[in-house]
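A.B. asks: The following block contains the structure, expressed as structure tokens.
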Amino acid sequence: MTILNKKDIQNLLPHREPMLLIDELYDIKKLTSATGLVNVKKDSFFVQGHFPDQPVMPGVLIVEAFGQTAAALTAHGLDQSVYKNKLVFLMGVEKARFRNPVVPNCKLLLNIEAIRSHGKVWKYKGQAFVENKLMADAIWSATIVDKK
């Protein structure tokens with residue numbers, strides 16, 4: 001089983017700290033599905049000011065983590081010549097539901113699946129879990145564009 005660590009992910013995505021949210025990518029099925037891991041820590045940048053007395057991971061960052069997981073899956077599956085000098089941009093979120101708050105000191109698992117691709121436009125769906133409890137789910141689309 002291939003497991004990509006943070007350094008491997010940095011070779012696929014342009015994101016850097018503090019905005020690189022995913023720590024691992026595993027259960028990779030080429031261009032089809034993968035699981036991303038986000039270690040939500042008590043010193044994560046968003047915890048400092050997002051309800052400091054009762055910190056939670058903002059829903060928008062869960063959606064961002066979904067997008068990063070999908071982008072890493074896609075970049076890992078495409079031939080380097082196709083993906084070189086490209087970026088993956090979020091185009092739209094059709095549906096996102098936040099079912100339970102994601103709190104510090106947990107491992108957020110993001111199960112994502114590519115459900116359609118048409119040229120440079122991809123559609124994905126994902127579910128986020130902590131200890132087998134569904135925390136959020138979403139459907140979104142992204143596009144691959146040239147770096148400028």
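Just remember, in the structure tokens the first chain shown is A, the second B, etc., residues are 1-based per chain, and ligands are 1-based in the order shown.
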Please list as a ChimeraX atom specification every residue within 8 Å of A:Leu4, counting only C-alpha atoms and excluding residues in the same chain fewer than 3 positions away.
C.D. replies: /A:7-9,24-26
A.B. asks: Please, could you write that set of residues out with N, CA, C and O atoms as a short mmCIF file (atom, residue, chain, number, x, y, z; two decimals), in the first residue's frame?
C.D. replies:
data_model
loop_
_atom_site.label_atom_id
_atom_site.label_comp_id
_atom_site.auth_asym_id
_atom_site.auth_seq_id
_atom_site.Cartn_x
_atom_site.Cartn_y
_atom_site.Cartn_z
N LYS A 7 5.88 15.42 3.07
CA LYS A 7 6.89 15.83 2.08
C LYS A 7 6.48 15.38 0.68
O LYS A 7 6.62 16.13 -0.29
N ASP A 8 5.96 14.14 0.56
CA ASP A 8 5.48 13.66 -0.74
C ASP A 8 4.35 14.54 -1.26
O ASP A 8 4.29 14.87 -2.45
N ILE A 9 3.46 14.93 -0.36
CA ILE A 9 2.31 15.77 -0.73
C ILE A 9 2.79 17.14 -1.19
O ILE A 9 2.27 17.71 -2.15
N GLU A 24 -1.14 13.06 5.43
CA GLU A 24 -0.90 11.80 4.73
C GLU A 24 -1.99 11.57 3.69
O GLU A 24 -3.10 12.08 3.83
N LEU A 25 -1.63 10.77 2.70
CA LEU A 25 -2.58 10.30 1.70
C LEU A 25 -2.35 8.80 1.54
O LEU A 25 -1.21 8.38 1.32
N TYR A 26 -3.40 8.01 1.69
CA TYR A 26 -3.25 6.56 1.59
C TYR A 26 -4.53 5.93 1.03
O TYR A 26 -5.45 6.66 0.67
#
A.B. asks: Please report, as JSON, numbers by chain, each residue of chain A to which DSSP assigns strand (DSSP E) when run on this structure's backbone.
C.D. replies: {"A": [24, 25, 26, 27, 28, 29, 33, 34, 35, 36, 37, 38, 39, 40, 86, 87, 88, 89, 90, 91, 92, 93, 94, 95, 96, 97, 98, 106, 107, 108, 109, 110, 111, 112, 113, 114, 115, 116, 117, 118, 121, 122, 123, 124, 125, 126, 127, 128, 129, 130, 133, 134, 135, 136, 137, 138, 139, 140, 141, 142, 143, 144, 145, 146]}
A.B. asks: For the selection just defined, write its residues with C-alpha atoms to a file, as a short mmCIF file (atom, residue, chain, number, x, y, z; two decimals), in the first residue's frame.
C.D. replies:
data_model
loop_
_atom_site.label_atom_id
_atom_site.label_comp_id
_atom_site.auth_asym_id
_atom_site.auth_seq_id
_atom_site.Cartn_x
_atom_site.Cartn_y
_atom_site.Cartn_z
CA GLU A 24 -0.90 11.80 4.73
CA LEU A 25 -2.58 10.30 1.70
CA TYR A 26 -3.25 6.56 1.59
CA ASP A 27 -5.66 3.89 0.29
CA ILE A 28 -4.93 5.43 -3.11
CA LYS A 29 -6.78 4.03 -6.10
CA SER A 33 -10.27 7.49 -4.55
CA ALA A 34 -8.01 8.03 -1.54
CA THR A 35 -8.03 8.83 2.15
CA GLY A 36 -6.41 11.96 3.48
CA LEU A 37 -5.35 12.45 7.09
CA VAL A 38 -5.43 15.79 8.89
CA ASN A 39 -3.92 15.85 12.36
CA VAL A 40 -6.01 18.52 14.08
CA LYS A 86 -0.44 23.15 -13.31
CA LEU A 87 -2.63 24.07 -10.35
CA VAL A 88 -5.95 22.65 -9.19
CA PHE A 89 -8.53 25.32 -8.34
CA LEU A 90 -11.81 24.77 -6.54
CA MET A 91 -14.67 25.72 -8.85
CA GLY A 92 -17.72 25.14 -6.73
CA VAL A 93 -19.20 23.37 -3.76
CA GLU A 94 -22.58 21.87 -4.56
CA LYS A 95 -23.30 20.53 -1.15
CA ALA A 96 -21.48 20.60 2.16
CA ARG A 97 -22.91 19.42 5.44
CA PHE A 98 -21.23 19.74 8.81
CA CYS A 106 -8.05 14.31 16.71
CA LYS A 107 -7.29 12.59 13.44
CA LEU A 108 -9.68 13.72 10.72
CA LEU A 109 -9.93 11.13 7.94
CA LEU A 110 -11.13 12.34 4.57
CA ASN A 111 -12.47 9.65 2.26
CA ILE A 112 -12.75 11.15 -1.20
CA GLU A 113 -13.84 9.81 -4.55
CA ALA A 114 -13.55 11.25 -8.03
CA ILE A 115 -17.05 10.81 -9.44
CA ARG A 116 -16.57 12.41 -12.86
CA SER A 117 -13.94 14.02 -15.04
CA HIS A 118 -14.49 15.93 -18.23
CA VAL A 121 -12.89 19.66 -14.85
CA TRP A 122 -13.30 17.06 -12.11
CA LYS A 123 -16.14 16.37 -9.70
CA TYR A 124 -15.56 14.77 -6.30
CA LYS A 125 -17.44 13.68 -3.23
CA GLY A 126 -16.07 13.14 0.24
CA GLN A 127 -16.83 12.22 3.80
CA ALA A 128 -14.87 13.27 6.88
CA PHE A 129 -14.66 11.02 9.93
CA VAL A 130 -13.21 11.12 13.44
CA LYS A 133 -18.10 9.18 13.35
CA LEU A 134 -19.26 11.18 10.32
CA MET A 135 -18.27 14.80 10.83
CA ALA A 136 -18.90 16.33 7.39
CA ASP A 137 -19.56 15.48 3.77
CA ALA A 138 -19.40 17.43 0.54
CA ILE A 139 -19.63 17.36 -3.24
CA TRP A 140 -17.40 19.79 -5.13
CA SER A 141 -15.78 20.45 -8.49
CA ALA A 142 -12.30 21.59 -9.43
CA THR A 143 -10.35 22.43 -12.52
CA ILE A 144 -6.73 22.03 -13.58
CA VAL A 145 -5.23 25.28 -14.86
CA ASP A 146 -1.82 26.45 -16.06
#
A.B. asks: List every residue of chain A that DSSP, applied to the backbone, labels as alpha helix (DSSP H), and write the result as a ChimeraX atom specification.
C.D. replies: /A:6-12,59-77,80-83
A.B. asks: Do a neighbour search on stretch 54-61 of chain A at 8 Å with only C-alpha atoms, toss out local chain neighbours closer than 6 positions, and write the hits as a list in words.
C.D. replies: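 Listed by chain and then number, they are Val40, Phe46, Val47, Gln48, Phe98, Pro101, Val102, Val103 and Pro104 of chain A.
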A.B. asks: How would the residues just picked look written out with N, CA, C and O atoms as a CSV table (one decimal), in the first residue's frame?
C.D. replies:
chain,number,residue,atom,x,y,z
A,40,VAL,N,-5.5,17.3,13.5
A,40,VAL,CA,-6.0,18.5,14.1
A,40,VAL,C,-5.4,18.7,15.5
A,40,VAL,O,-5.7,17.9,16.4
A,46,PHE,N,-5.7,27.6,13.1
A,46,PHE,CA,-7.1,28.1,13.2
A,46,PHE,C,-7.7,27.9,14.6
A,46,PHE,O,-8.7,28.5,14.9
A,47,VAL,N,-7.1,27.1,15.4
A,47,VAL,CA,-7.6,26.9,16.8
A,47,VAL,C,-7.4,28.2,17.7
A,47,VAL,O,-8.2,28.5,18.5
A,48,GLN,N,-6.3,28.9,17.4
A,48,GLN,CA,-6.0,30.1,18.2
A,48,GLN,C,-7.1,31.1,18.3
A,48,GLN,O,-7.3,31.7,19.3
A,98,PHE,N,-22.1,19.9,7.6
A,98,PHE,CA,-21.2,19.7,8.8
A,98,PHE,C,-22.1,19.2,9.9
A,98,PHE,O,-23.0,19.8,10.4
A,101,PRO,N,-18.9,18.9,15.3
A,101,PRO,CA,-17.7,19.8,15.3
A,101,PRO,C,-16.4,18.9,15.4
A,101,PRO,O,-16.4,17.9,16.1
A,102,VAL,N,-15.4,19.4,14.6
A,102,VAL,CA,-14.1,18.8,14.7
A,102,VAL,C,-13.3,19.6,15.6
A,102,VAL,O,-13.0,20.8,15.4
A,103,VAL,N,-12.8,18.9,16.7
A,103,VAL,CA,-12.1,19.6,17.8
A,103,VAL,C,-10.6,19.2,17.8
A,103,VAL,O,-10.3,18.2,17.2
A,104,PRO,N,-9.8,20.0,18.4
A,104,PRO,CA,-8.3,19.7,18.4
A,104,PRO,C,-8.1,18.3,19.1
A,104,PRO,O,-8.9,17.8,19.8
A.B. asks: Just to confirm, what's the straight-line distance from atom CA of A:Phe51 to atom CA of A:Asn100 in Å (one decimal)?
C.D. replies: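 Value for the atom CA of A:Phe51-atom CA of A:Asn100 distance: 15.2 Å.
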A.B. asks: Closest to A:Leu20 among A:Glu64, A:Asp53, A:Glu131, A:Asp43, using only C-alpha atoms?
C.D. replies: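 Answer, going by the shortest atom-to-atom distance: A:Glu64.
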